[in-house]
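K.L.:
So that we are looking at the same thing, I have put the structure below in structure tokens.
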Amino acid sequence: ERRLVRKVDLRLCTIAGILCSLDLLDSGIISSASVTTIFEDLGLGVGNRYSVSILVYTVASVTFQLPATLLVRFLGPRIVFSGITVGFGIVTLCTAFITTWKQMIGLRILLGIMQSAIFPGLSYLISTWYTRKEQQLRFAFLQSGEVTVVGLGGFLNFGLNHLNGRGGLAGWRWMFLVQGMVAIVIGFITYLWIVDFPENSHKSFRFLTRNEQLLAETRISNDRGDVKPEAFSWQGCLVHFLDPKLYGFCMMFFLLNLVSTSLSYFLPIILQSGMGFSTDQAILLSAPPYFYAVIPVIISSIVGDKYQLRGLVITFNCVCTVAGFSMLGFANQVTVRYVGTYLATGAYVSNWAAMNAYQASNIAGQWKRATFAASITACNGLGGIAGSFIVRQNEAPRYMTAIWISIGSHILIIGIVVLFSLYFWHVNKKQKEGKKLLEETVDFRYTF
């Protein structure tokens, strides 16, 4: 069984981390470009045009997330993820040749559509392969690969910016051109490397033997009894919107992404305008916090999986995020403020893995997983919309609106976790007494 899990780790978590990194890679490109000449070249510096370019991407992604996630189940992960990754690369490459901010807006909409299945689709796929006690560490692997690629992207953007003027292209155009080409190559590799769902693993390219597939199905069946999907119906999906847990999880992800969007898109601007670093320094210094984030996300996920402490891990990460933003907002020394970005980045990245495991461990049923994954990622995107407007240029160098909203959002997350924990404890007690059947599954208990 351990050999099977390692085999799935190698084939699924590796490529999933790379695919998820494309979304943050996009934010890395446009945030790095924001401290170059892109504002002047495209007229993005007028009013809220830069924030709007982030907004339309998120709106397009949110709009298509539920149908795109269902498409992963209908067409299979290989076709969907390879197709949208190639599409993402083509649109990113085309961005290198635009001349107006309106063209940027149009391509950002297309980019959002291309990325709509990535987060919910991969979260759904990973949750179908692993038992509930294994999931947080796998989401952590995904996040670790993602932030590592993003960190490397920061150094790549630094180098590409120094090609400014080569071939008649500005430095920011080289960023979009090169990384668009890389995404296209990754798209073709994805078709061969990514795996299908457990019951369809024989459709994957050189993956499991028949006995290994049976073992994979048995593991999930013994854990929660939902290895194979029920017959699809829209009513069977929409009925899950009556589950109050969905709205609690959605609110948590909304509040989390307020922070992640403001930091990932605006960190170079904060470093340049808020801390006085040069353009090159701002691009370079925006990368290390992502490398650091690998440490807390792995450690917190090992603890969360081993001791099944989902709520406590989320609460600890929230406290670290509040501390990080307090350092960024209230300290006077630039060094202390910069260290605050490490603490905040590591904590919110860790909470993405923790929250995904939290929701995936407390539901059962294939279509319920797909519905929850798409809805939660949509609200995560809505948090991104709000987050794109909380960092205000005229508030440099402190950005107090962003600081207070980020602190307040994580205090609310702690409150939601407390309510969930009380509810889960109460209904688990009834289940043990034989008075309640949870998630329509025998012997199912909530993890908190």
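How things are named: the first chain in the structure tokens is A, the next is B, and so on; residues count from 1 in each chain; ligands count from 1 in the order shown.
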So that I can check the surroundings of Ser264 (chain A), please list as a list in words every protein, DNA and RNA residue that reaches within 9 Å of it, counting only C-alpha atoms and ignoring chain neighbours fewer than 3 positions away.

P.N.:
Leu24, Ser27, Gly28, Ser31, Val259, Ser260, Thr261, Leu267, Pro268, Ser286 and Thr345 of chain A

K.L.:
How would the residues just chosen look if you wrote them out with N, CA, C and O atoms as a PDB file, in the first residue's frame?

P.N.:
ATOM      1  N   LEU A  24      -0.358  31.139  -9.948  1.00  0.00           N
ATOM      2  CA  LEU A  24       0.488  32.067  -9.209  1.00  0.00           C
ATOM      3  C   LEU A  24       1.609  32.611 -10.088  1.00  0.00           C
ATOM      4  O   LEU A  24       2.097  33.716  -9.873  1.00  0.00           O
ATOM      5  N   SER A  27       0.276  35.629 -11.614  1.00  0.00           N
ATOM      6  CA  SER A  27       0.314  36.768 -10.697  1.00  0.00           C
ATOM      7  C   SER A  27       1.746  37.248 -10.513  1.00  0.00           C
ATOM      8  O   SER A  27       2.004  38.438 -10.339  1.00  0.00           O
ATOM      9  N   GLY A  28       2.720  36.297 -10.578  1.00  0.00           N
ATOM     10  CA  GLY A  28       4.119  36.677 -10.466  1.00  0.00           C
ATOM     11  C   GLY A  28       4.591  37.505 -11.643  1.00  0.00           C
ATOM     12  O   GLY A  28       5.331  38.482 -11.478  1.00  0.00           O
ATOM     13  N   SER A  31       2.750  40.984 -11.486  1.00  0.00           N
ATOM     14  CA  SER A  31       3.217  41.798 -10.357  1.00  0.00           C
ATOM     15  C   SER A  31       4.648  42.268 -10.593  1.00  0.00           C
ATOM     16  O   SER A  31       4.994  43.412 -10.276  1.00  0.00           O
ATOM     17  N   VAL A 259      -6.030  37.909   1.528  1.00  0.00           N
ATOM     18  CA  VAL A 259      -4.612  38.084   1.851  1.00  0.00           C
ATOM     19  C   VAL A 259      -3.724  37.613   0.715  1.00  0.00           C
ATOM     20  O   VAL A 259      -2.802  38.311   0.292  1.00  0.00           O
ATOM     21  N   SER A 260      -3.993  36.404   0.204  1.00  0.00           N
ATOM     22  CA  SER A 260      -3.092  35.837  -0.803  1.00  0.00           C
ATOM     23  C   SER A 260      -3.063  36.681  -2.070  1.00  0.00           C
ATOM     24  O   SER A 260      -2.008  36.857  -2.686  1.00  0.00           O
ATOM     25  N   THR A 261      -4.205  37.242  -2.478  1.00  0.00           N
ATOM     26  CA  THR A 261      -4.228  38.084  -3.675  1.00  0.00           C
ATOM     27  C   THR A 261      -3.479  39.384  -3.445  1.00  0.00           C
ATOM     28  O   THR A 261      -2.678  39.808  -4.285  1.00  0.00           O
ATOM     29  N   LEU A 267       3.001  42.472  -3.855  1.00  0.00           N
ATOM     30  CA  LEU A 267       4.213  42.448  -3.044  1.00  0.00           C
ATOM     31  C   LEU A 267       5.360  43.269  -3.654  1.00  0.00           C
ATOM     32  O   LEU A 267       5.992  44.060  -2.950  1.00  0.00           O
ATOM     33  N   PRO A 268       5.659  43.129  -4.964  1.00  0.00           N
ATOM     34  CA  PRO A 268       6.726  43.977  -5.517  1.00  0.00           C
ATOM     35  C   PRO A 268       6.433  45.471  -5.394  1.00  0.00           C
ATOM     36  O   PRO A 268       7.351  46.272  -5.155  1.00  0.00           O
ATOM     37  N   SER A 286      10.800  39.683  -3.789  1.00  0.00           N
ATOM     38  CA  SER A 286       9.448  39.114  -3.714  1.00  0.00           C
ATOM     39  C   SER A 286       9.462  37.590  -3.798  1.00  0.00           C
ATOM     40  O   SER A 286       8.455  36.939  -3.504  1.00  0.00           O
ATOM     41  N   THR A 345       3.185  35.162   4.357  1.00  0.00           N
ATOM     42  CA  THR A 345       3.156  34.291   3.180  1.00  0.00           C
ATOM     43  C   THR A 345       3.171  32.825   3.589  1.00  0.00           C
ATOM     44  O   THR A 345       2.381  32.013   3.084  1.00  0.00           O
TER      45      THR A 345
END

K.L.:
Taking the chain letters and numbering used in this document, name the residues of region 160-306 of chain A that DSSP puts in helix (DSSP H, G or I), as a ChimeraX atom specification.

P.N.:
/A:160-161,166-168,171-193,198-203,210-224,234-242,244-274,279-285,288-306

K.L.:
For Ser51 (chain A), list every protein, DNA or RNA residue within 10 Å, evaluated using only C-alpha atoms, and leave out those in the same chain fewer than 6 positions away; present the list as a tab-separated table (two decimals) with all heavy atoms, in the first residue's frame.

P.N.:
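Done, and the output landed in selection-v4.tsv:
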chain	number	residue	atom	x	y	z
A	44	LEU	N	-1.82	51.27	-18.14
A	44	LEU	CA	-2.43	50.57	-17.00
A	44	LEU	C	-2.36	51.37	-15.71
A	44	LEU	O	-3.04	51.05	-14.74
A	44	LEU	CB	-1.73	49.22	-16.78
A	44	LEU	CG	-2.26	48.00	-17.51
A	44	LEU	CD1	-1.40	46.78	-17.20
A	44	LEU	CD2	-3.71	47.71	-17.16
A	45	GLY	N	-1.53	52.42	-15.70
A	45	GLY	CA	-1.36	53.18	-14.47
A	45	GLY	C	-2.44	54.21	-14.21
A	45	GLY	O	-2.44	54.86	-13.17
A	265	TYR	N	-0.08	39.68	-5.84
A	265	TYR	CA	-0.11	40.65	-6.93
A	265	TYR	C	0.60	41.96	-6.59
A	265	TYR	O	1.09	42.65	-7.48
A	265	TYR	CB	-1.56	40.97	-7.33
A	265	TYR	CG	-2.19	39.93	-8.23
A	265	TYR	CD1	-3.09	39.00	-7.73
A	265	TYR	CD2	-1.89	39.88	-9.58
A	265	TYR	CE1	-3.68	38.04	-8.54
A	265	TYR	CE2	-2.47	38.92	-10.41
A	265	TYR	CZ	-3.36	38.01	-9.89
A	265	TYR	OH	-3.93	37.07	-10.70
A	266	PHE	N	0.64	42.31	-5.31
A	266	PHE	CA	1.12	43.64	-4.96
A	266	PHE	C	2.43	43.65	-4.18
A	266	PHE	O	2.94	44.73	-3.86
A	266	PHE	CB	0.05	44.39	-4.15
A	266	PHE	CG	-1.17	44.76	-4.95
A	266	PHE	CD1	-2.27	43.93	-4.99
A	266	PHE	CD2	-1.20	45.94	-5.67
A	266	PHE	CE1	-3.40	44.26	-5.74
A	266	PHE	CE2	-2.32	46.29	-6.41
A	266	PHE	CZ	-3.42	45.45	-6.45
A	385	ILE	N	-11.05	38.96	-5.86
A	385	ILE	CA	-11.59	40.21	-6.41
A	385	ILE	C	-11.50	41.32	-5.37
A	385	ILE	O	-11.03	42.43	-5.65
A	385	ILE	CB	-13.05	40.01	-6.85
A	385	ILE	CG1	-13.13	39.05	-8.05
A	385	ILE	CG2	-13.70	41.35	-7.22
A	385	ILE	CD1	-14.54	38.68	-8.46
A	386	ALA	N	-11.94	41.00	-4.15
A	386	ALA	CA	-11.87	42.00	-3.09
A	386	ALA	C	-10.42	42.34	-2.75
A	386	ALA	O	-10.06	43.50	-2.55
A	386	ALA	CB	-12.59	41.48	-1.85
A	387	GLY	N	-9.57	41.30	-2.73
A	387	GLY	CA	-8.17	41.51	-2.39
A	387	GLY	C	-7.42	42.38	-3.37
A	387	GLY	O	-6.43	43.04	-3.01
A	388	SER	N	-7.89	42.41	-4.63
A	388	SER	CA	-7.21	43.21	-5.65
A	388	SER	C	-7.42	44.71	-5.44
A	388	SER	O	-6.76	45.52	-6.09
A	388	SER	CB	-7.69	42.81	-7.05
A	388	SER	OG	-9.06	43.11	-7.23
A	389	PHE	N	-8.35	45.08	-4.55
A	389	PHE	CA	-8.65	46.50	-4.33
A	389	PHE	C	-8.25	47.01	-2.95
A	389	PHE	O	-8.43	48.19	-2.66
A	389	PHE	CB	-10.14	46.76	-4.55
A	389	PHE	CG	-10.56	46.71	-6.00
A	389	PHE	CD1	-11.08	45.55	-6.54
A	389	PHE	CD2	-10.40	47.82	-6.83
A	389	PHE	CE1	-11.45	45.49	-7.87
A	389	PHE	CE2	-10.77	47.76	-8.16
A	389	PHE	CZ	-11.30	46.60	-8.69
A	390	ILE	N	-7.73	46.14	-2.08
A	390	ILE	CA	-7.45	46.60	-0.71
A	390	ILE	C	-6.07	47.23	-0.58
A	390	ILE	O	-5.81	47.95	0.39
A	390	ILE	CB	-7.63	45.47	0.33
A	390	ILE	CG1	-6.58	44.37	0.15
A	390	ILE	CG2	-9.04	44.90	0.28
A	390	ILE	CD1	-6.62	43.31	1.25
A	391	VAL	N	-5.15	46.93	-1.53
A	391	VAL	CA	-3.84	47.59	-1.51
A	391	VAL	C	-3.94	48.86	-2.34
A	391	VAL	O	-4.06	48.80	-3.57
A	391	VAL	CB	-2.74	46.67	-2.06
A	391	VAL	CG1	-1.39	47.39	-2.05
A	391	VAL	CG2	-2.64	45.39	-1.25
A	392	ARG	N	-3.93	49.99	-1.68
A	392	ARG	CA	-4.15	51.28	-2.35
A	392	ARG	C	-2.86	52.07	-2.42
A	392	ARG	O	-2.20	52.31	-1.41
A	392	ARG	CB	-5.23	52.07	-1.59
A	392	ARG	CG	-6.56	51.32	-1.55
A	392	ARG	CD	-7.58	51.99	-0.65
A	392	ARG	NE	-8.83	51.24	-0.65
A	392	ARG	CZ	-9.88	51.52	0.12
A	392	ARG	NH1	-9.81	52.56	0.97
A	392	ARG	NH2	-10.96	50.80	0.06

K.L.:
Please list as a VMD selection string every residue within 12 Å of region 187-192 of chain A, counting only C-alpha atoms and excluding residues in the same chain fewer than 3 positions away.

P.N.:
chain A and resid 11 to 12 14 to 19 22 76 to 90 114 180 to 184 195 to 196 203 to 207

K.L.:
Contacts between region 414-432 of chain A and region 330-403 of chain A, please, where a residue of region 330-403 of chain A counts if it comes within 12 Å (with only C-alpha atoms); show its shortest atom pair and distance in Å to one decimal, rows by chain and ascending number, as a Markdown table.

P.N.:
| residue | atom | partner | partner_atom | distance |
| --- | --- | --- | --- | --- |
| A:Asn351 | CA | A:Ile414 | CA | 11.6 |
| A:Ala354 | CA | A:Val417 | CA | 11.7 |
| A:Met355 | CA | A:Val417 | CA | 10.0 |
| A:Tyr358 | CA | A:Val417 | CA | 9.9 |
| A:Gln359 | CA | A:Phe420 | CA | 10.7 |
| A:Ser361 | CA | A:Phe424 | CA | 11.9 |
| A:Asn362 | CA | A:Phe424 | CA | 9.2 |
| A:Ile363 | CA | A:Phe424 | CA | 11.9 |

K.L.:
Expressed in Å to a single decimal, how great is the separation between CA of Ala117 (chain A) and CA of Glu146 (chain A)?

P.N.:
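Interatomic distance, CA of Ala117 (chain A) to CA of Glu146 (chain A): 16.0 Å.
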
K.L.:
Using only C-alpha atoms, which residue out of A:Ser53, A:Gly121, A:Ala282, A:Arg3 lies closest to Leu75 (chain A)?

P.N.:
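Answer, going by the shortest atom-to-atom distance: A:Gly121.
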
K.L.:
Near region 371-382 of chain A, counting only C-alpha atoms, which residues have an atom at most 7 Å away, once you skip same-chain residues fewer than 4 positions from it, shown as a VMD selection string?

P.N.:
chain A and resid 58 62 65 to 66 69 119 to 120 123 to 124 237 246 249 to 250 253 to 254 257 367 386

K.L.:
With distances taken over only C-alpha atoms, which of A:Thr401, A:Asn211, A:Thr218, A:Ser350 is nearest to Val303 (chain A)?

P.N.:
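Using only C-alpha atoms, the shortest distance to Val303 (chain A) belongs to A:Ser350.
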
K.L.:
State, in Å with one decimal place, the distance from CA of Leu328 (chain A) to CA of Thr37 (chain A).

P.N.:
26.6 Å

K.L.:
Identify, on the basis of only C-alpha atoms, every residue whose closest approach to Thr441 (chain A) does not exceed 10 Å; exclude the query and any residue fewer than 5 positions from it along the same chain; express the result as an MDAnalysis selection string.

P.N.:
chainID A and resid 224:226 363:365

K.L.:
Each residue of region 239-342 of chain A with at least one atom at most 12 Å from region 151-157 of chain A should appear once, together with its nearest atom pair and the corresponding distance in Å (one decimal); atoms considered: only C-alpha atoms; ordering: chain, then increasing residue number; output as CSV.

P.N.:
residue,atom,partner,partner_atom,distance
A:Ser264,CA,A:Gly151,CA,10.9
A:Leu267,CA,A:Gly154,CA,11.3
A:Pro268,CA,A:Gly154,CA,10.0
A:Thr279,CA,A:Asn157,CA,11.3
A:Asp280,CA,A:Asn157,CA,9.5
A:Gln281,CA,A:Phe155,CA,10.6
A:Ala282,CA,A:Gly154,CA,9.7
A:Ile283,CA,A:Gly154,CA,6.2
A:Leu284,CA,A:Phe155,CA,6.0
A:Leu285,CA,A:Gly154,CA,8.4
A:Ser286,CA,A:Gly154,CA,6.8
A:Ala287,CA,A:Gly151,CA,4.4
A:Pro288,CA,A:Gly151,CA,6.4
A:Pro289,CA,A:Gly151,CA,7.8
A:Tyr290,CA,A:Gly151,CA,5.4
A:Phe291,CA,A:Gly151,CA,6.0
A:Tyr292,CA,A:Gly151,CA,9.5
A:Ala293,CA,A:Gly151,CA,10.0
A:Val294,CA,A:Gly151,CA,10.6

K.L.:
Could you please take those selected residues and save N, CA, C and O atoms as a PDB file, in the first residue's frame?

P.N.:
ATOM      1  N   SER A 264       0.322  38.384  -3.346  1.00  0.00           N
ATOM      2  CA  SER A 264       0.924  37.833  -4.566  1.00  0.00           C
ATOM      3  C   SER A 264       0.957  38.838  -5.710  1.00  0.00           C
ATOM      4  O   SER A 264       1.910  38.872  -6.492  1.00  0.00           O
ATOM      5  N   LEU A 267       3.001  42.472  -3.855  1.00  0.00           N
ATOM      6  CA  LEU A 267       4.213  42.448  -3.044  1.00  0.00           C
ATOM      7  C   LEU A 267       5.360  43.269  -3.654  1.00  0.00           C
ATOM      8  O   LEU A 267       5.992  44.060  -2.950  1.00  0.00           O
ATOM      9  N   PRO A 268       5.659  43.129  -4.964  1.00  0.00           N
ATOM     10  CA  PRO A 268       6.726  43.977  -5.517  1.00  0.00           C
ATOM     11  C   PRO A 268       6.433  45.471  -5.394  1.00  0.00           C
ATOM     12  O   PRO A 268       7.351  46.272  -5.155  1.00  0.00           O
ATOM     13  N   THR A 279      13.567  48.768  -8.572  1.00  0.00           N
ATOM     14  CA  THR A 279      12.794  47.816  -9.383  1.00  0.00           C
ATOM     15  C   THR A 279      13.391  46.415  -9.313  1.00  0.00           C
ATOM     16  O   THR A 279      12.683  45.430  -9.044  1.00  0.00           O
ATOM     17  N   ASP A 280      14.712  46.293  -9.560  1.00  0.00           N
ATOM     18  CA  ASP A 280      15.364  44.978  -9.526  1.00  0.00           C
ATOM     19  C   ASP A 280      15.291  44.357  -8.138  1.00  0.00           C
ATOM     20  O   ASP A 280      15.028  43.154  -7.983  1.00  0.00           O
ATOM     21  N   GLN A 281      15.509  45.159  -7.107  1.00  0.00           N
ATOM     22  CA  GLN A 281      15.447  44.644  -5.739  1.00  0.00           C
ATOM     23  C   GLN A 281      14.042  44.166  -5.386  1.00  0.00           C
ATOM     24  O   GLN A 281      13.873  43.131  -4.735  1.00  0.00           O
ATOM     25  N   ALA A 282      13.024  44.913  -5.824  1.00  0.00           N
ATOM     26  CA  ALA A 282      11.635  44.537  -5.528  1.00  0.00           C
ATOM     27  C   ALA A 282      11.275  43.206  -6.172  1.00  0.00           C
ATOM     28  O   ALA A 282      10.603  42.364  -5.567  1.00  0.00           O
ATOM     29  N   ILE A 283      11.726  42.993  -7.422  1.00  0.00           N
ATOM     30  CA  ILE A 283      11.447  41.731  -8.114  1.00  0.00           C
ATOM     31  C   ILE A 283      12.150  40.578  -7.417  1.00  0.00           C
ATOM     32  O   ILE A 283      11.563  39.511  -7.174  1.00  0.00           O
ATOM     33  N   LEU A 284      13.428  40.771  -7.068  1.00  0.00           N
ATOM     34  CA  LEU A 284      14.208  39.706  -6.429  1.00  0.00           C
ATOM     35  C   LEU A 284      13.701  39.385  -5.025  1.00  0.00           C
ATOM     36  O   LEU A 284      13.563  38.221  -4.660  1.00  0.00           O
ATOM     37  N   LEU A 285      13.406  40.414  -4.238  1.00  0.00           N
ATOM     38  CA  LEU A 285      13.006  40.209  -2.844  1.00  0.00           C
ATOM     39  C   LEU A 285      11.587  39.668  -2.695  1.00  0.00           C
ATOM     40  O   LEU A 285      11.203  39.222  -1.613  1.00  0.00           O
ATOM     41  N   SER A 286      10.800  39.683  -3.789  1.00  0.00           N
ATOM     42  CA  SER A 286       9.448  39.114  -3.714  1.00  0.00           C
ATOM     43  C   SER A 286       9.462  37.590  -3.798  1.00  0.00           C
ATOM     44  O   SER A 286       8.455  36.939  -3.504  1.00  0.00           O
ATOM     45  N   ALA A 287      10.611  37.004  -4.195  1.00  0.00           N
ATOM     46  CA  ALA A 287      10.684  35.548  -4.367  1.00  0.00           C
ATOM     47  C   ALA A 287      10.959  34.770  -3.081  1.00  0.00           C
ATOM     48  O   ALA A 287      10.304  33.749  -2.829  1.00  0.00           O
ATOM     49  N   PRO A 288      11.931  35.167  -2.227  1.00  0.00           N
ATOM     50  CA  PRO A 288      12.279  34.350  -1.046  1.00  0.00           C
ATOM     51  C   PRO A 288      11.126  33.990  -0.106  1.00  0.00           C
ATOM     52  O   PRO A 288      11.129  32.871   0.440  1.00  0.00           O
ATOM     53  N   PRO A 289      10.134  34.876   0.144  1.00  0.00           N
ATOM     54  CA  PRO A 289       9.044  34.452   1.030  1.00  0.00           C
ATOM     55  C   PRO A 289       8.320  33.189   0.555  1.00  0.00           C
ATOM     56  O   PRO A 289       7.826  32.406   1.375  1.00  0.00           O
ATOM     57  N   TYR A 290       8.277  32.967  -0.764  1.00  0.00           N
ATOM     58  CA  TYR A 290       7.622  31.766  -1.288  1.00  0.00           C
ATOM     59  C   TYR A 290       8.461  30.518  -1.015  1.00  0.00           C
ATOM     60  O   TYR A 290       7.917  29.447  -0.739  1.00  0.00           O
ATOM     61  N   PHE A 291       9.793  30.646  -1.095  1.00  0.00           N
ATOM     62  CA  PHE A 291      10.645  29.506  -0.755  1.00  0.00           C
ATOM     63  C   PHE A 291      10.500  29.160   0.719  1.00  0.00           C
ATOM     64  O   PHE A 291      10.425  27.983   1.095  1.00  0.00           O
ATOM     65  N   TYR A 292      10.458  30.181   1.559  1.00  0.00           N
ATOM     66  CA  TYR A 292      10.276  29.950   2.990  1.00  0.00           C
ATOM     67  C   TYR A 292       8.965  29.230   3.275  1.00  0.00           C
ATOM     68  O   TYR A 292       8.890  28.371   4.174  1.00  0.00           O
ATOM     69  N   ALA A 293       7.918  29.538   2.505  1.00  0.00           N
ATOM     70  CA  ALA A 293       6.580  28.989   2.764  1.00  0.00           C
ATOM     71  C   ALA A 293       6.551  27.468   2.710  1.00  0.00           C
ATOM     72  O   ALA A 293       5.670  26.833   3.320  1.00  0.00           O
ATOM     73  N   VAL A 294       7.499  26.858   1.990  1.00  0.00           N
ATOM     74  CA  VAL A 294       7.544  25.388   1.913  1.00  0.00           C
ATOM     75  C   VAL A 294       7.717  24.777   3.301  1.00  0.00           C
ATOM     76  O   VAL A 294       7.137  23.722   3.604  1.00  0.00           O
TER      77      VAL A 294
END
